[in-house]
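Shown here: work-v3.pdb, PDB, C-alpha atoms (C1' of nucleotides).
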```pdb
MODEL        1
ATOM      1  CA  MET A  19      30.090  42.818 -67.553
ATOM      2  CA  THR A  20      28.618  40.497 -64.956
ATOM      3  CA  LYS A  21      29.132  37.522 -67.198
ATOM      4  CA  GLY A  22      30.416  34.492 -65.374
ATOM      5  CA  ARG A  23      30.138  36.117 -61.963
ATOM      6  CA  ALA A  24      27.167  36.550 -59.699
ATOM      7  CA  THR A  25      26.039  40.059 -58.874
ATOM      8  CA  ALA A  26      25.009  41.012 -55.354
ATOM      9  CA  ASN A  27      21.463  39.691 -55.337
ATOM     10  CA  GLU A  28      21.910  36.753 -57.670
ATOM     11  CA  GLY A  29      21.749  33.112 -56.728
ATOM     12  CA  VAL A  30      23.891  30.553 -58.513
ATOM     13  CA  LEU A  31      22.917  27.094 -59.677
ATOM     14  CA  GLU A  32      24.897  24.358 -61.376
ATOM     15  CA  CYS A  33      22.888  23.238 -64.384
ATOM     16  CA  PRO A  34      24.471  20.461 -66.400
ATOM     17  CA  GLU A  35      22.517  19.578 -69.532
ATOM     18  CA  PHE A  36      20.477  22.729 -69.508
ATOM     19  CA  ASP A  37      20.154  25.319 -72.247
ATOM     20  CA  LEU A  38      18.051  28.211 -71.002
ATOM     21  CA  GLN A  39      17.750  29.940 -74.345
ATOM     22  CA  MET A  40      16.826  26.839 -76.313
ATOM     23  CA  THR A  41      14.297  25.767 -73.682
ATOM     24  CA  ILE A  42      12.605  29.163 -73.632
ATOM     25  CA  ASP A  43      12.692  29.608 -77.410
ATOM     26  CA  SER A  44      11.458  26.121 -78.301
ATOM     27  CA  GLY A  45       7.787  27.026 -78.554
ATOM     28  CA  GLN A  46       6.529  25.589 -75.262
ATOM     29  CA  THR A  47       6.392  28.820 -73.258
ATOM     30  CA  PHE A  48       5.616  32.318 -74.519
ATOM     31  CA  HIS A  49       6.085  34.494 -71.450
ATOM     32  CA  TRP A  50       9.802  35.287 -71.303
ATOM     33  CA  THR A  51      11.554  38.375 -72.629
ATOM     34  CA  ALA A  52      15.211  38.496 -73.611
ATOM     35  CA  GLN A  53      16.849  41.231 -71.583
ATOM     36  CA  GLN A  54      20.349  42.225 -70.504
ATOM     37  CA  GLY A  55      21.941  38.997 -71.617
ATOM     38  CA  GLY A  56      19.276  36.900 -69.935
ATOM     39  CA  TYR A  57      15.530  36.495 -69.639
ATOM     40  CA  SER A  58      12.932  38.175 -67.491
ATOM     41  CA  GLY A  59       9.560  36.706 -66.754
ATOM     42  CA  CYS A  60       7.513  35.186 -63.971
ATOM     43  CA  ILE A  61       7.365  31.788 -62.380
ATOM     44  CA  GLY A  62       3.855  31.679 -61.022
ATOM     45  CA  ASP A  63       3.305  35.167 -59.626
ATOM     46  CA  THR A  64       6.969  35.741 -58.883
ATOM     47  CA  PRO A  65       9.037  38.051 -61.124
ATOM     48  CA  VAL A  66      12.321  36.372 -62.029
ATOM     49  CA  PHE A  67      15.474  37.236 -63.924
ATOM     50  CA  LEU A  68      17.630  34.439 -65.330
ATOM     51  CA  ARG A  69      20.883  34.229 -67.220
ATOM     52  CA  GLN A  70      23.204  31.414 -68.069
ATOM     53  CA  THR A  71      26.933  31.153 -68.589
ATOM     54  CA  GLY A  72      28.164  27.704 -69.479
ATOM     55  CA  ASN A  73      26.871  25.277 -66.900
ATOM     56  CA  VAL A  74      25.931  27.964 -64.406
ATOM     57  CA  LEU A  75      22.495  29.488 -64.070
ATOM     58  CA  TYR A  76      22.237  32.847 -62.321
ATOM     59  CA  TYR A  77      18.826  33.622 -60.904
ATOM     60  CA  ARG A  78      17.152  36.526 -59.164
ATOM     61  CA  GLY A  79      13.891  36.571 -57.237
ATOM     62  CA  ILE A  80      13.044  32.887 -56.966
ATOM     63  CA  ASP A  81      13.503  29.890 -54.692
ATOM     64  CA  PRO A  82      15.917  27.558 -56.500
ATOM     65  CA  VAL A  83      13.756  24.570 -55.632
ATOM     66  CA  LEU A  84      10.893  26.071 -57.606
ATOM     67  CA  LEU A  85      13.274  26.989 -60.393
ATOM     68  CA  LYS A  86      14.526  23.432 -60.716
ATOM     69  CA  SER A  87      11.017  22.103 -60.765
ATOM     70  CA  TYR A  88       9.826  24.657 -63.333
ATOM     71  CA  PHE A  89      12.603  23.704 -65.728
ATOM     72  CA  SER A  90      12.413  19.974 -64.904
ATOM     73  CA  PHE A  91      16.014  19.558 -63.825
ATOM     74  CA  ASP A  92      15.020  16.085 -62.637
ATOM     75  CA  HIS A  93      14.332  14.795 -66.155
ATOM     76  CA  ASP A  94      17.008  12.327 -67.264
ATOM     77  CA  LEU A  95      17.938  13.800 -70.635
ATOM     78  CA  GLU A  96      20.470  11.103 -71.383
ATOM     79  CA  ALA A  97      17.859   8.379 -70.967
ATOM     80  CA  ILE A  98      15.498  10.404 -73.131
ATOM     81  CA  ARG A  99      18.136  10.699 -75.872
ATOM     82  CA  GLU A 100      18.891   7.002 -75.680
ATOM     83  CA  SER A 101      15.197   6.165 -75.984
ATOM     84  CA  CYS A 102      15.190   7.318 -79.602
ATOM     85  CA  ARG A 103      18.609   6.070 -80.651
ATOM     86  CA  ARG A 104      17.174   3.495 -83.040
ATOM     87  CA  HIS A 105      15.674   6.234 -85.161
ATOM     88  CA  PRO A 106      18.600   8.168 -86.679
ATOM     89  CA  ILE A 107      16.732  11.382 -87.552
ATOM     90  CA  SER A 108      15.229  11.680 -84.089
ATOM     91  CA  TYR A 109      18.529  10.855 -82.473
ATOM     92  CA  SER A 110      20.404  13.540 -84.379
ATOM     93  CA  ALA A 111      17.631  15.992 -83.493
ATOM     94  CA  ALA A 112      18.061  14.975 -79.845
ATOM     95  CA  LEU A 113      21.799  15.588 -80.071
ATOM     96  CA  ALA A 114      21.166  18.992 -81.632
ATOM     97  CA  CYS A 115      18.824  19.809 -78.739
ATOM     98  CA  ARG A 116      21.098  19.019 -75.809
ATOM     99  CA  GLY A 117      19.859  21.020 -72.845
ATOM    100  CA  LEU A 118      16.331  21.509 -74.136
ATOM    101  CA  ARG A 119      14.026  20.567 -71.278
ATOM    102  CA  ILE A 120      10.269  20.209 -71.292
ATOM    103  CA  MET A 121       9.030  22.461 -68.541
ATOM    104  CA  ARG A 122       6.416  22.074 -65.828
ATOM    105  CA  GLN A 123       4.343  25.134 -66.545
ATOM    106  CA  PRO A 124       1.529  26.359 -64.333
ATOM    107  CA  HIS A 125      -1.682  24.741 -65.539
ATOM    108  CA  TRP A 126      -3.785  27.816 -66.172
ATOM    109  CA  GLU A 127      -1.252  29.892 -68.087
ATOM    110  CA  CYS A 128      -0.425  26.915 -70.275
ATOM    111  CA  ILE A 129      -4.092  26.253 -71.015
ATOM    112  CA  ALA A 130      -4.708  29.920 -71.715
ATOM    113  CA  THR A 131      -1.792  30.497 -74.054
ATOM    114  CA  PHE A 132      -2.316  27.345 -76.070
ATOM    115  CA  ILE A 133      -5.895  28.470 -76.636
ATOM    116  CA  LEU A 134      -4.221  31.415 -78.350
ATOM    117  CA  SER A 135      -1.961  29.230 -80.485
ATOM    118  CA  PRO A 136      -4.131  28.007 -83.402
ATOM    119  CA  MET A 137      -3.053  29.509 -86.738
ATOM    120  CA  LYS A 138      -0.398  31.650 -85.105
ATOM    121  CA  GLN A 139       3.359  31.635 -85.332
ATOM    122  CA  VAL A 140       5.365  31.304 -82.139
ATOM    123  CA  SER A 141       6.405  34.962 -82.286
ATOM    124  CA  HIS A 142       2.776  36.046 -82.532
ATOM    125  CA  ILE A 143       1.754  33.929 -79.556
ATOM    126  CA  ARG A 144       4.478  35.722 -77.612
ATOM    127  CA  GLN A 145       3.020  39.058 -78.691
ATOM    128  CA  MET A 146      -0.457  38.072 -77.537
ATOM    129  CA  SER A 147       0.870  36.804 -74.209
ATOM    130  CA  LEU A 148       2.778  40.033 -73.668
ATOM    131  CA  ALA A 149      -0.270  42.133 -74.506
ATOM    132  CA  LEU A 150      -2.386  40.157 -72.020
ATOM    133  CA  ARG A 151       0.205  40.399 -69.273
ATOM    134  CA  THR A 152       0.655  44.115 -69.878
ATOM    135  CA  SER A 153      -3.076  44.833 -69.905
ATOM    136  CA  TYR A 154      -4.302  42.432 -67.227
ATOM    137  CA  GLY A 155      -1.339  41.176 -65.194
ATOM    138  CA  SER A 156      -1.038  42.592 -61.692
ATOM    139  CA  GLU A 157       1.898  44.807 -60.887
ATOM    140  CA  ILE A 158       3.985  42.983 -58.294
ATOM    141  CA  ALA A 159       6.612  45.695 -58.068
ATOM    142  CA  ILE A 160       7.646  48.635 -60.197
ATOM    143  CA  ASN A 161       9.835  47.760 -63.140
ATOM    144  CA  THR A 162       9.319  44.011 -62.900
ATOM    145  CA  PRO A 163       7.520  41.788 -65.383
ATOM    146  CA  ARG A 164       3.848  41.154 -64.733
ATOM    147  CA  PRO A 165       2.639  37.593 -64.278
ATOM    148  CA  PHE A 166       0.088  36.000 -66.566
ATOM    149  CA  PRO A 167      -3.398  37.203 -65.509
ATOM    150  CA  ASN A 168      -5.616  34.987 -63.358
ATOM    151  CA  PRO A 169      -8.733  33.350 -64.803
ATOM    152  CA  ALA A 170     -10.950  35.720 -62.817
ATOM    153  CA  VAL A 171      -9.305  38.812 -64.283
ATOM    154  CA  ILE A 172      -9.768  37.561 -67.836
ATOM    155  CA  ALA A 173     -13.299  36.410 -67.017
ATOM    156  CA  ASN A 174     -14.188  39.942 -65.927
ATOM    157  CA  SER A 175     -13.052  41.356 -69.236
ATOM    158  CA  THR A 176     -15.032  41.410 -72.479
ATOM    159  CA  GLU A 177     -14.443  39.957 -75.892
ATOM    160  CA  PRO A 178     -13.895  43.331 -77.614
ATOM    161  CA  GLU A 179     -11.378  44.263 -74.952
ATOM    162  CA  LEU A 180      -9.516  40.989 -75.319
ATOM    163  CA  ARG A 181      -9.470  41.485 -79.068
ATOM    164  CA  ARG A 182      -7.502  44.648 -78.519
ATOM    165  CA  CYS A 183      -4.651  42.372 -77.419
ATOM    166  CA  GLY A 184      -4.607  40.975 -80.952
ATOM    167  CA  LEU A 185      -6.316  37.692 -80.107
ATOM    168  CA  GLY A 186      -8.738  37.736 -83.044
ATOM    169  CA  PHE A 187     -11.258  34.903 -83.013
ATOM    170  CA  ARG A 188      -9.397  33.329 -80.080
ATOM    171  CA  ALA A 189     -10.718  36.014 -77.722
ATOM    172  CA  LYS A 190     -14.096  34.334 -77.398
ATOM    173  CA  ASN A 191     -12.535  30.972 -76.510
ATOM    174  CA  LEU A 192     -10.189  32.442 -73.933
ATOM    175  CA  LEU A 193     -12.992  34.399 -72.319
ATOM    176  CA  ALA A 194     -15.327  31.403 -72.155
ATOM    177  CA  THR A 195     -12.617  29.154 -70.729
ATOM    178  CA  ALA A 196     -11.568  31.761 -68.183
ATOM    179  CA  LYS A 197     -15.171  31.939 -66.970
ATOM    180  CA  LEU A 198     -15.388  28.168 -66.607
ATOM    181  CA  VAL A 199     -12.189  28.117 -64.570
ATOM    182  CA  ALA A 200     -13.029  31.201 -62.518
ATOM    183  CA  THR A 201     -16.387  29.771 -61.454
ATOM    184  CA  GLY A 202     -14.790  26.463 -60.543
ATOM    185  CA  GLU A 203     -16.828  24.607 -63.137
ATOM    186  CA  PHE A 204     -13.560  23.499 -64.678
ATOM    187  CA  ASN A 205     -10.696  22.694 -62.333
ATOM    188  CA  PRO A 206      -7.273  22.485 -63.997
ATOM    189  CA  GLU A 207      -5.706  20.997 -60.872
ATOM    190  CA  LYS A 208      -7.980  17.990 -61.035
ATOM    191  CA  LEU A 209      -6.463  16.861 -64.338
ATOM    192  CA  ALA A 210      -3.149  16.181 -62.644
ATOM    193  CA  THR A 211      -4.688  13.189 -60.872
ATOM    194  CA  MET A 212      -6.338  11.753 -63.982
ATOM    195  CA  ASN A 213      -4.951   9.406 -66.584
ATOM    196  CA  THR A 214      -3.892  10.957 -69.853
ATOM    197  CA  MET A 215      -6.888   9.891 -71.882
ATOM    198  CA  ASN A 216      -9.397  11.281 -69.404
ATOM    199  CA  ALA A 217      -7.412  14.463 -68.864
ATOM    200  CA  ARG A 218      -7.362  14.964 -72.627
ATOM    201  CA  MET A 219     -11.122  14.523 -72.822
ATOM    202  CA  GLU A 220     -11.605  17.119 -70.110
ATOM    203  CA  LEU A 221      -9.375  19.582 -71.933
ATOM    204  CA  CYS A 222     -11.159  18.946 -75.217
ATOM    205  CA  SER A 223     -14.437  19.899 -73.563
ATOM    206  CA  LEU A 224     -13.170  23.477 -73.321
ATOM    207  CA  PRO A 225     -13.970  25.898 -76.144
ATOM    208  CA  GLY A 226     -11.103  26.321 -78.579
ATOM    209  CA  ILE A 227      -9.273  23.229 -77.398
ATOM    210  CA  GLY A 228      -9.031  20.324 -79.797
ATOM    211  CA  ARG A 229      -6.772  17.349 -79.748
ATOM    212  CA  LYS A 230      -3.582  19.131 -80.747
ATOM    213  CA  VAL A 231      -3.871  21.939 -78.198
ATOM    214  CA  ALA A 232      -4.910  19.455 -75.505
ATOM    215  CA  ASN A 233      -1.798  17.424 -76.246
ATOM    216  CA  CYS A 234       0.414  20.497 -75.970
ATOM    217  CA  ILE A 235      -1.078  21.270 -72.573
ATOM    218  CA  LEU A 236      -0.670  17.669 -71.398
ATOM    219  CA  LEU A 237       2.969  17.710 -72.457
ATOM    220  CA  PHE A 238       3.983  21.172 -71.277
ATOM    221  CA  ALA A 239       1.979  21.493 -68.056
ATOM    222  CA  TYR A 240       1.036  17.979 -66.919
ATOM    223  CA  GLU A 241       4.281  16.150 -67.602
ATOM    224  CA  ARG A 242       2.771  13.603 -69.987
ATOM    225  CA  LEU A 243       6.063  13.092 -71.780
ATOM    226  CA  ASP A 244       4.734  10.402 -74.102
ATOM    227  CA  VAL A 245       2.103  12.628 -75.734
ATOM    228  CA  VAL A 246       2.711  13.859 -79.281
ATOM    229  CA  PRO A 247       0.996  17.087 -80.371
ATOM    230  CA  VAL A 248       0.675  16.997 -84.152
ATOM    231  CA  ASP A 249       0.824  20.462 -85.664
ATOM    232  CA  VAL A 250       1.704  21.408 -89.251
ATOM    233  CA  TRP A 251       5.424  20.942 -88.601
ATOM    234  CA  ILE A 252       5.183  17.564 -86.924
ATOM    235  CA  ALA A 253       2.667  16.423 -89.533
ATOM    236  CA  ARG A 254       5.156  17.236 -92.274
ATOM    237  CA  ILE A 255       7.993  15.540 -90.458
ATOM    238  CA  LEU A 256       6.112  12.372 -89.505
ATOM    239  CA  GLY A 257       4.449  12.361 -92.911
ATOM    240  CA  SER A 258       7.840  12.361 -94.594
ATOM    241  CA  PHE A 259       8.772   9.217 -92.665
ATOM    242  CA  ARG A 260       6.068   7.165 -94.342
ATOM    243  CA  SER A 261       4.898   6.607 -97.875
ATOM    244  CA  ARG A 262       1.163   6.556 -97.254
ATOM    245  CA  LYS A 263      -0.311   9.862 -96.327
ATOM    246  CA  SER A 264      -2.495   9.776 -93.268
ATOM    247  CA  GLY A 265      -4.743  11.815 -91.043
ATOM    248  CA  LEU A 266      -3.737  13.624 -87.892
ATOM    249  CA  LEU A 267      -4.759  10.897 -85.500
ATOM    250  CA  GLN A 268      -2.900   8.258 -87.493
ATOM    251  CA  LEU A 269       0.210  10.422 -87.520
ATOM    252  CA  GLU A 270      -0.080  10.903 -83.770
ATOM    253  CA  GLN A 271      -0.313   7.179 -83.123
ATOM    254  CA  TYR A 272       2.498   6.512 -85.555
ATOM    255  CA  GLY A 273       4.616   9.149 -83.810
ATOM    256  CA  GLU A 274       3.970   7.728 -80.352
ATOM    257  CA  LYS A 275       5.167   4.311 -81.470
ATOM    258  CA  LEU A 276       8.086   5.493 -83.554
ATOM    259  CA  LEU A 277       9.449   8.005 -81.055
ATOM    260  CA  GLY A 278       9.301   5.754 -77.996
ATOM    261  CA  PRO A 279       8.367   6.192 -74.321
ATOM    262  CA  TYR A 280       9.402   9.871 -74.334
ATOM    263  CA  ALA A 281       7.738  10.541 -77.665
ATOM    264  CA  GLY A 282       6.603  14.001 -76.585
ATOM    265  CA  TYR A 283      10.161  15.026 -75.750
ATOM    266  CA  VAL A 284      11.475  13.668 -79.037
ATOM    267  CA  GLN A 285       8.672  15.439 -80.847
ATOM    268  CA  GLN A 286       9.937  18.671 -79.284
ATOM    269  CA  PHE A 287      13.456  17.997 -80.541
ATOM    270  CA  LEU A 288      12.107  17.440 -84.047
ATOM    271  CA  PHE A 289       9.878  20.511 -83.852
ATOM    272  CA  HIS A 290      12.671  22.773 -82.688
ATOM    273  CA  THR A 291      15.295  21.557 -85.133
ATOM    274  CA  ALA A 292      12.810  21.823 -87.988
ATOM    275  CA  ARG A 293      11.742  25.311 -87.031
ATOM    276  CA  THR A 294      15.319  26.532 -86.724
ATOM    277  CA  GLY A 295      16.253  24.967 -90.055
ATOM    278  CA  LYS A 296      18.546  22.287 -88.686
ATOM    279  CA  LEU A 297      16.499  19.206 -89.407
ATOM    280  CA  GLU A 298      17.572  17.109 -92.356
ATOM    281  CA  LEU A 299      14.840  14.980 -93.779
ATOM    282  CA  PRO A 300      15.167  12.459 -96.590
ATOM    283  CA  GLY A 301      14.536  14.184 -99.903
ATOM    284  CA  THR A 302      14.699  17.704 -98.511
ATOM    285  CA  SER A 303      17.377  20.192 -97.672
ATOM    286  CA  PRO A 304      17.543  22.066 -94.388
ATOM    287  CA  ARG A 305      16.152  25.523 -94.785
ATOM    288  CA  SER A 306      18.365  28.522 -94.643
ATOM    289  CA  ASN A 307      17.877  31.163 -92.002
ATOM    290  CA  SER A 308      16.047  33.534 -94.251
ATOM    291  CA  THR A 309      13.774  31.292 -96.266
ATOM    292  CA  ARG A 310      10.720  29.326 -95.375
ATOM    293  CA  ALA A 311      10.793  25.663 -94.652
ATOM    294  CA  SER A 312      11.340  23.374 -97.582
ATOM    295  CA  LEU A 313       9.690  20.507 -95.806
ATOM    296  CA  PRO A 314       7.156  18.604 -97.857
ATOM    297  CA  ARG A 315       3.579  19.640 -97.689
ATOM    298  CA  VAL A 316       0.921  17.465 -96.219
ATOM    299  CA  ALA A 317      -2.618  17.045 -97.382
ATOM    300  CA  LYS A 318      -5.134  19.350 -95.727
ATOM    301  CA  LEU A 319      -5.363  18.352 -92.098
ATOM    302  CA  ARG A 320      -8.467  17.788 -90.097
ATOM    303  CA  THR A 321      -8.678  17.835 -86.367
ATOM    304  CA  ILE A 322     -10.426  15.376 -84.166
ATOM    305  CA  LYS A 323     -12.042  16.052 -80.851
ATOM    306  CA  ASN A 324     -11.238  13.181 -78.594
ATOM    307  CA  ARG A 325     -13.998  10.703 -78.026
ATOM    308  CA  LYS A 326     -14.603   8.026 -75.482
ATOM    309  CA  GLY A 327     -12.822   4.829 -76.355
ATOM    310  CA  LEU A 328     -10.351   6.529 -78.599
ATOM    311  CA  ALA A 329      -7.431   5.572 -76.416
ATOM    312  CA  VAL A 330      -4.201   6.642 -78.042
ATOM    313  CA  SER A 331      -2.074   6.584 -74.964
ATOM    314  CA  ALA A 332      -3.725   5.227 -71.881
TER     315      ALA A 332
ATOM    316  C1'  DT B   1      -0.391  40.122-103.607
ATOM    317  C1'  DA B   2      -0.951  35.764-101.924
ATOM    318  C1'  DC B   3       0.361  32.684 -98.619
ATOM    319  C1'  DC B   4       1.365  30.873 -94.045
ATOM    320  C1'  DA B   5       1.227  30.336 -89.011
ATOM    321  C1'  DG B   6       2.340  24.766 -82.804
ATOM    322  C1'  DG B   7      -6.228  24.388 -85.318
ATOM    323  C1'  DT B   8     -11.047  24.303 -84.109
ATOM    324  C1'  DG B   9     -15.860  23.683 -84.863
ATOM    325  C1'  DA B  10     -19.835  23.885 -87.553
ATOM    326  C1'  DA B  11     -22.017  22.846 -91.805
ATOM    327  C1'  DC B  12     -21.880  20.375 -95.413
ATOM    328  C1'  DT B  13     -22.134  15.947 -98.585
TER     329       DT B  13
ATOM    330  C1'  DA C   7     -17.828   9.300 -91.514
ATOM    331  C1'  DG C   8     -15.372  12.160 -94.517
ATOM    332  C1'  DT C   9     -14.886  17.169 -96.637
ATOM    333  C1'  DT C  10     -15.102  22.015 -96.769
ATOM    334  C1'  DC C  11     -15.194  26.365 -94.897
ATOM    335  C1'  DA C  12     -14.914  30.524 -91.767
ATOM    336  C1'  DC C  13     -12.459  32.326 -88.366
ATOM    337  C1'  DA C  14      -8.465  37.402 -87.042
ATOM    338  C1'  DT C  15      -3.969  38.920 -87.189
ATOM    339  C1'  DG C  16       0.798  39.822 -88.459
ATOM    340  C1'  DG C  17       4.740  38.778 -91.177
ATOM    341  C1'  DT C  18       7.253  37.622 -95.632
TER     342       DT C  18
ENDMDL
END
```
Translate the structure described by the file into structure tokens.
Amino acid sequence: MTKGRATANEGVLECPEFDLQMTIDSGQTFHWTAQQGGYSGCIGDTPVFLRQTGNVLYYRGIDPVLLKSYFSFDHDLEAIRESCRRHPISYSAALACRGLRIMRQPHWECIATFILSPMKQVSHIRQMSLALRTSYGSEIAINTPRPFPNPAVIANSTEPELRRCGLGFRAKNLLATAKLVATGEFNPEKLATMNTMNARMELCSLPGIGRKVANCILLFAYERLDVVPVDVWIARILGSFRSRKSGLLQLEQYGEKLLGPYAGYVQQFLFHTARTGKLELPGTSPRSNSTRASLPRVAKLRTIKNRKGLAVSA
DNA sequence: TACCAGGTGAACT
DNA sequence: AGTTCACATGGT
């Protein structure tokens, strides 16, 4: 109905090389709900509605400057694509992911939701996020989405109550981390000024955060675009590129070298194409929509808490 | 039913 | 230092 034309209270933004749906569905954010041909959610504490038609983004409720920053409109996607041209599989993944941008998410909500991520599918992380926002998020206005709850609000809750949001064993970690942040003992803003290795160590000091989750947070909230989070998908993909099987840390280092200066971005292209069944790997067939991945299995994976001197990317 | 999901941390050899 | 296991929940 309103497709291709702005309604009364909508702002309009040219957005070349941007795919709203792919960006939101790529497993980096879990707080947006598909609605009326667009998405509703919050940017910070501001309720926002977004929809896209072609190269035009229609937005409601938000300063376009913040919007552009949130979705990283300043990232040079062409340069990022070119950075992995020498590696054909990555390059074709990059071409398949035109318009996928790595966002600048608010620090706390990114930390909190990736604490919820271990051993959960993307759709389940969305469910947990929604349950938390519904139960604990403040009501900004009637009939608008609630923002992700502040650390203090979570900190004032209890583990049994958090478990009612379906968090399982993650409830304890979220609660403990929320308390550390609420008291000021841990300051997420401080990490922005630190180098990647030190920021990673700080994150790994939090309960429930190991190397993989820390890397996700560094990539999706702190703009460390060279960092490669190695989850089961990326481990399979990177593992299939080499004959020797290796541990998580080895795969991460291998990935950072192979995928170039924007390795984290390229990792996201590989992750998303694999998860949507579009990635073709040597010796495997792309999965169909209805079946599980046919990607090769990887030996049981162990995680490593970061230690001093273990500089993977300085 | 059994298996898997954007893993982590503690207790084992 | 390397291995093994428990940990909740929801979906196929």
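Minimum atom-to-atom distances from A:Val231, A:Leu297, A:Ile98, A:Ala173 to chain B were compared using all atoms listed in the file, and the lowest value belongs to A:Val231.
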Give me, as number ranges by chain, the contact residues of chain C against chain A at a cut-off of 10 Å, counting only C-alpha atoms (C1' of nucleotides). C: 8-9, 13-18
Can you build me a table of chain A residues sitting at most 8 Å from chain B, with the closest atom pair per residue and its distance in Å to one decimal, using all atoms listed in the file, sorted by chain and residue number, as a tab-separated table?
```
residue	atom	partner	partner_atom	distance
A:Gly45	CA	B:DG6	C1'	7.3
A:Ser135	CA	B:DG6	C1'	6.6
A:Pro136	CA	B:DG7	C1'	4.6
A:Met137	CA	B:DA5	C1'	4.9
A:Lys138	CA	B:DA5	C1'	4.4
A:Gln139	CA	B:DA5	C1'	4.4
A:Val140	CA	B:DG6	C1'	7.2
A:Gly226	CA	B:DT8	C1'	5.9
A:Ile227	CA	B:DT8	C1'	7.0
A:Gly228	CA	B:DT8	C1'	6.2
A:Lys230	CA	B:DG7	C1'	7.5
A:Val231	CA	B:DG7	C1'	7.9
A:Asp249	CA	B:DG6	C1'	5.4
A:Val250	CA	B:DG6	C1'	7.3
A:Trp251	CA	B:DG6	C1'	7.6
A:Thr321	CA	B:DG7	C1'	7.1
```
Can you give me, as a VMD selection string, the residues this file yields under the PyMOL selection byres ((chain A and resi 89) around 8)? chain A and resid 85 to 88 90 to 91 119 to 122
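Residues matched by the PyMOL selection byres ((chain A and resi 56) around 9) in this structure: A:Leu38, A:Gln39, A:Thr51, A:Ala52, A:Gln53, A:Gln54, A:Gly55, A:Tyr57, A:Ser58, A:Phe67, A:Leu68, A:Arg69, A:Gln70.
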For atom CA of Ala159 of chain A and atom CA of His49 of chain A, determine how far apart the two atoms are, in Å to one decimal place. 17.5 Å
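For the pair atom CA of Ala239 of chain A and atom CA of Gln123 of chain A, the separation is 4.6 Å.
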Within 8 Å of Thr131 of chain A, counting only C-alpha atoms (C1' of nucleotides), which residues show up once you throw out same-chain ones fewer than 3 positions away? Write them as a VMD selection string, please. chain A and resid 48 127 to 128 134 to 135 143 147
Using only C-alpha atoms (C1' of nucleotides), which protein or nucleic acid residues come within 12 Å of Leu224 of chain A? Drop anything in the same chain fewer than 6 positions from it, and give the result as a PyMOL selection string. (chain A and resi 129-130+132-133+190-199+203-206+217-218+231-232+323-324) or (chain B and resi 8-9)
